[in-house]
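S.K.: Mind having a look at this structure? Questions to follow.
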Amino acid sequence: MPGPPLSLHISAVFFPLLGVSDTDSIRDNPVPCYLMPTDAPNIPSSIRPTLLVHGGAWAIPPEMAEDHQRGVAHALEVGYKILSEGGTATDAVEAAVTILEDDPTFDAGRGSFLTSEGKVQLDALLMDGATLRAGGIACVEHLRNPIQAARLVLDKSPHIYFVGAGAEAFAQSHGMALIDNSELVLDREKIRLKEAQERLAAGQPDQTFSGSDSSGAPTNRSSFVGYQDDKSPETAAQHRAEELASKVGLGFSPGINEFDSTWALAPEVGLSSEEQPEPVDPKFESHDTVGAVALDQYGNLAAGTSTGGTLNKAPGRVGDSSLIGCGCYADNHSAAVSLTGWGEPIMKLVLGKWATDRVSQGVTPELAAQQAISYLFARLGGHGGIILLGPDGQFGIAHNTPGMAWGIANKTGHRTGLSI
């Protein structure tokens, strides 16, 4: 049995903002990005097997912190046991993600965010880095564990992706039971949905649609106001902060800490207390997606991502999580990756593949993870987190959200955390 999580001294660091037109260039403008260095606590790069998990990047409220850390620790324990007993990376990822889906703490499986119609719709992807076989499902409402349905697609179908009723029929034909959607719905999420819809009705709509303004001009760091591409209705206060900063001709700086996920205006703005934006209660911030990546003793990689999507989403909306190369990817020749965050920007950048390609080009997973999150923000103002694992056991964890539940297990032990 693994011991208690080890305590790591990891500080937030600032890395150069990657340029929009040339992502290899280094700019002077820093963007906050939080990551775990692979050598911090002197982990040999050749260690295998290795398992990383995440429970979503968002502003984790203090009252939920213990449940998040306990949840990722449980997923690590189950998944790493499979690896340590000679199991495959694919088996370990499926098992770890199943644990997270079954835990109502997370936005995957039971306890997920509700659609605007008050239902749970689930998406998942599982990918085998040895063969590049993958299985994806989306918009399912009657499956308890979408990652297990994704495994069935990977193993038993000539196709890669099923959606809706077709995905459920395929899973049922291979032995998975269908359940009533009400079994996935929690009273907590009914309350959350009601309050989100009330905020929208009160004039806090999603102001971020396309990544370009009405004139069609491309986005850049100085012109995010009104169309920052988060696509989260819960970021109205952030946009208000940016708008106010723009009005007085000043930039804005990320003021992120454990309890306040709003964009803080630069101190020199000098706004009155009445003009200051009200912070969004972190309980209502997006906490989408769980995921895992693994390296087994045979040198094979695998990745899996599962989600209930975003709060109050339109029925039928599919995000990045179950799309190959977006929220999930695995290739023995490069790396395995799982992402979390607001899906539309991640999809536009095909960010998972972008990160693994950098590893294949010789960038360490540690640096590639940081670069991916910096690029996400630099290009589209996006927010999220990433776990990235190379074929030699090197890894990277990064996020630009206030927190992200994470865990890593290898021969040196098990460690978990709520931010980097």
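Simple scheme: letters A, B, ... for chains in structure tokens order, numbers from 1 for residues in each chain, numbers from 1 for ligands in the order shown.
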Find the spatial neighbours of stretch 306-315 of chain A, counting only C-alpha atoms, within a cut-off of 6 Å - ignore same-chain residues fewer than 3 positions away - and output them as a list in words.

M.R.: Asp107, Ala108, Ser112, Phe113, Leu114, Thr115, Ser116, Gln121, Leu122, Asp123, Ala124, Asp288, Thr289 and Val290 of chain A

S.K.: If DSSP is run on the backbone, what residues of stretch 120-159 of chain A are alpha helix (DSSP H)? A reply as a JSON list (two decimals) with N, CA and C atoms, in the first residue's frame would be ideal.

M.R.:
```
[["chain", "number", "residue", "atom", "x", "y", "z"],
["A", 146, "PRO", "N", -18.30, 5.98, -18.88],
["A", 146, "PRO", "CA", -17.99, 6.16, -20.31],
["A", 146, "PRO", "C", -16.60, 5.71, -20.71],
["A", 147, "ILE", "N", -15.63, 5.75, -19.78],
["A", 147, "ILE", "CA", -14.29, 5.30, -20.15],
["A", 147, "ILE", "C", -14.29, 3.80, -20.47],
["A", 148, "GLN", "N", -15.16, 3.03, -19.82],
["A", 148, "GLN", "CA", -15.25, 1.60, -20.13],
["A", 148, "GLN", "C", -15.90, 1.37, -21.48],
["A", 149, "ALA", "N", -16.85, 2.22, -21.84],
["A", 149, "ALA", "CA", -17.42, 2.14, -23.18],
["A", 149, "ALA", "C", -16.38, 2.52, -24.23],
["A", 150, "ALA", "N", -15.56, 3.50, -23.92],
["A", 150, "ALA", "CA", -14.48, 3.88, -24.84],
["A", 150, "ALA", "C", -13.51, 2.72, -25.03],
["A", 151, "ARG", "N", -13.25, 1.98, -23.96],
["A", 151, "ARG", "CA", -12.36, 0.80, -24.07],
["A", 151, "ARG", "C", -12.97, -0.24, -25.00],
["A", 152, "LEU", "N", -14.28, -0.43, -24.91],
["A", 152, "LEU", "CA", -14.93, -1.38, -25.81],
["A", 152, "LEU", "C", -14.79, -0.95, -27.27],
["A", 153, "VAL", "N", -14.93, 0.33, -27.52],
["A", 153, "VAL", "CA", -14.76, 0.83, -28.89],
["A", 153, "VAL", "C", -13.33, 0.57, -29.35],
["A", 154, "LEU", "N", -12.36, 0.85, -28.48],
["A", 154, "LEU", "CA", -10.95, 0.63, -28.83],
["A", 154, "LEU", "C", -10.69, -0.83, -29.16],
["A", 155, "ASP", "N", -11.22, -1.75, -28.36],
["A", 155, "ASP", "CA", -10.90, -3.17, -28.50],
["A", 155, "ASP", "C", -11.75, -3.91, -29.52],
["A", 156, "LYS", "N", -13.02, -3.50, -29.66],
["A", 156, "LYS", "CA", -13.97, -4.36, -30.35],
["A", 156, "LYS", "C", -14.64, -3.74, -31.58]]
```

S.K.: I want to know what sits within 12 Å of A:Ile191, based on only C-alpha atoms, with residues of the same chain fewer than 4 positions away left out; could you give that as a PyMOL selection string?

M.R.: chain A and resi 113-114+118+185-187+195-198+283-284+311-312

S.K.: Write to file, as a PDB file, in the first residue's frame, the residues of the selection just made, with N, CA and C atoms.

M.R.:
```
ATOM      1  N   PHE A 113     -21.607  17.926 -14.156  1.00  0.00           N
ATOM      2  CA  PHE A 113     -22.412  19.095 -14.462  1.00  0.00           C
ATOM      3  C   PHE A 113     -23.625  18.686 -15.287  1.00  0.00           C
ATOM      4  N   LEU A 114     -24.686  19.485 -15.190  1.00  0.00           N
ATOM      5  CA  LEU A 114     -25.905  19.212 -15.940  1.00  0.00           C
ATOM      6  C   LEU A 114     -25.992  20.097 -17.176  1.00  0.00           C
ATOM      7  N   GLY A 118     -31.035  19.869 -17.694  1.00  0.00           N
ATOM      8  CA  GLY A 118     -30.982  19.186 -16.413  1.00  0.00           C
ATOM      9  C   GLY A 118     -30.556  17.736 -16.474  1.00  0.00           C
ATOM     10  N   VAL A 185     -27.418  12.021 -11.680  1.00  0.00           N
ATOM     11  CA  VAL A 185     -27.716  13.396 -11.302  1.00  0.00           C
ATOM     12  C   VAL A 185     -27.720  13.538  -9.774  1.00  0.00           C
ATOM     13  N   LEU A 186     -27.001  14.525  -9.285  1.00  0.00           N
ATOM     14  CA  LEU A 186     -26.974  14.817  -7.857  1.00  0.00           C
ATOM     15  C   LEU A 186     -27.766  16.090  -7.563  1.00  0.00           C
ATOM     16  N   ASP A 187     -28.356  16.161  -6.373  1.00  0.00           N
ATOM     17  CA  ASP A 187     -29.056  17.370  -5.959  1.00  0.00           C
ATOM     18  C   ASP A 187     -28.114  18.569  -5.971  1.00  0.00           C
ATOM     19  N   GLU A 195     -28.721  28.015 -10.093  1.00  0.00           N
ATOM     20  CA  GLU A 195     -28.063  29.279  -9.781  1.00  0.00           C
ATOM     21  C   GLU A 195     -27.328  29.835 -11.000  1.00  0.00           C
ATOM     22  N   ALA A 196     -26.737  28.948 -11.806  1.00  0.00           N
ATOM     23  CA  ALA A 196     -26.072  29.406 -13.026  1.00  0.00           C
ATOM     24  C   ALA A 196     -27.069  30.022 -13.994  1.00  0.00           C
ATOM     25  N   GLN A 197     -28.223  29.402 -14.143  1.00  0.00           N
ATOM     26  CA  GLN A 197     -29.233  29.929 -15.045  1.00  0.00           C
ATOM     27  C   GLN A 197     -29.799  31.243 -14.537  1.00  0.00           C
ATOM     28  N   GLU A 198     -29.899  31.393 -13.222  1.00  0.00           N
ATOM     29  CA  GLU A 198     -30.357  32.664 -12.654  1.00  0.00           C
ATOM     30  C   GLU A 198     -29.346  33.768 -12.918  1.00  0.00           C
ATOM     31  N   LYS A 283     -17.038  28.007  -6.111  1.00  0.00           N
ATOM     32  CA  LYS A 283     -17.865  26.801  -6.189  1.00  0.00           C
ATOM     33  C   LYS A 283     -18.536  26.690  -7.550  1.00  0.00           C
ATOM     34  N   PHE A 284     -18.642  27.834  -8.276  1.00  0.00           N
ATOM     35  CA  PHE A 284     -19.340  27.810  -9.546  1.00  0.00           C
ATOM     36  C   PHE A 284     -18.394  27.804 -10.739  1.00  0.00           C
ATOM     37  N   LEU A 311     -20.925  23.312 -17.290  1.00  0.00           N
ATOM     38  CA  LEU A 311     -22.193  23.615 -16.630  1.00  0.00           C
ATOM     39  C   LEU A 311     -23.147  24.340 -17.571  1.00  0.00           C
ATOM     40  N   ASN A 312     -24.403  23.870 -17.611  1.00  0.00           N
ATOM     41  CA  ASN A 312     -25.456  24.523 -18.388  1.00  0.00           C
ATOM     42  C   ASN A 312     -25.185  24.475 -19.890  1.00  0.00           C
TER      43      ASN A 312
END
```

S.K.: Restricting the calculation to only C-alpha atoms, which member of A:Leu376, A:Ile346, A:Ala369, A:Leu143 is positioned closest to A:Asp102?

M.R.: A:Leu143

S.K.: Could you work out how far atom CA of A:Ser322 lies from atom CA of A:Val350, giving the answer in Å with one decimal?

M.R.: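 Atom-to-atom, atom CA of A:Val350 to atom CA of A:Ser322, that is 11.9 Å.
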
S.K.: Find, counting only C-alpha atoms, the residue in A:Gly393, A:Gly381, A:Gly343, A:Gly55 that gets nearest to A:Thr364.

M.R.: A:Gly393

S.K.: May I ask for the distance between atom CA of A:Ala409 and atom CA of A:Ala294, given in Å to one decimal place?

M.R.: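 Between these atoms lies a distance of 9.5 Å.
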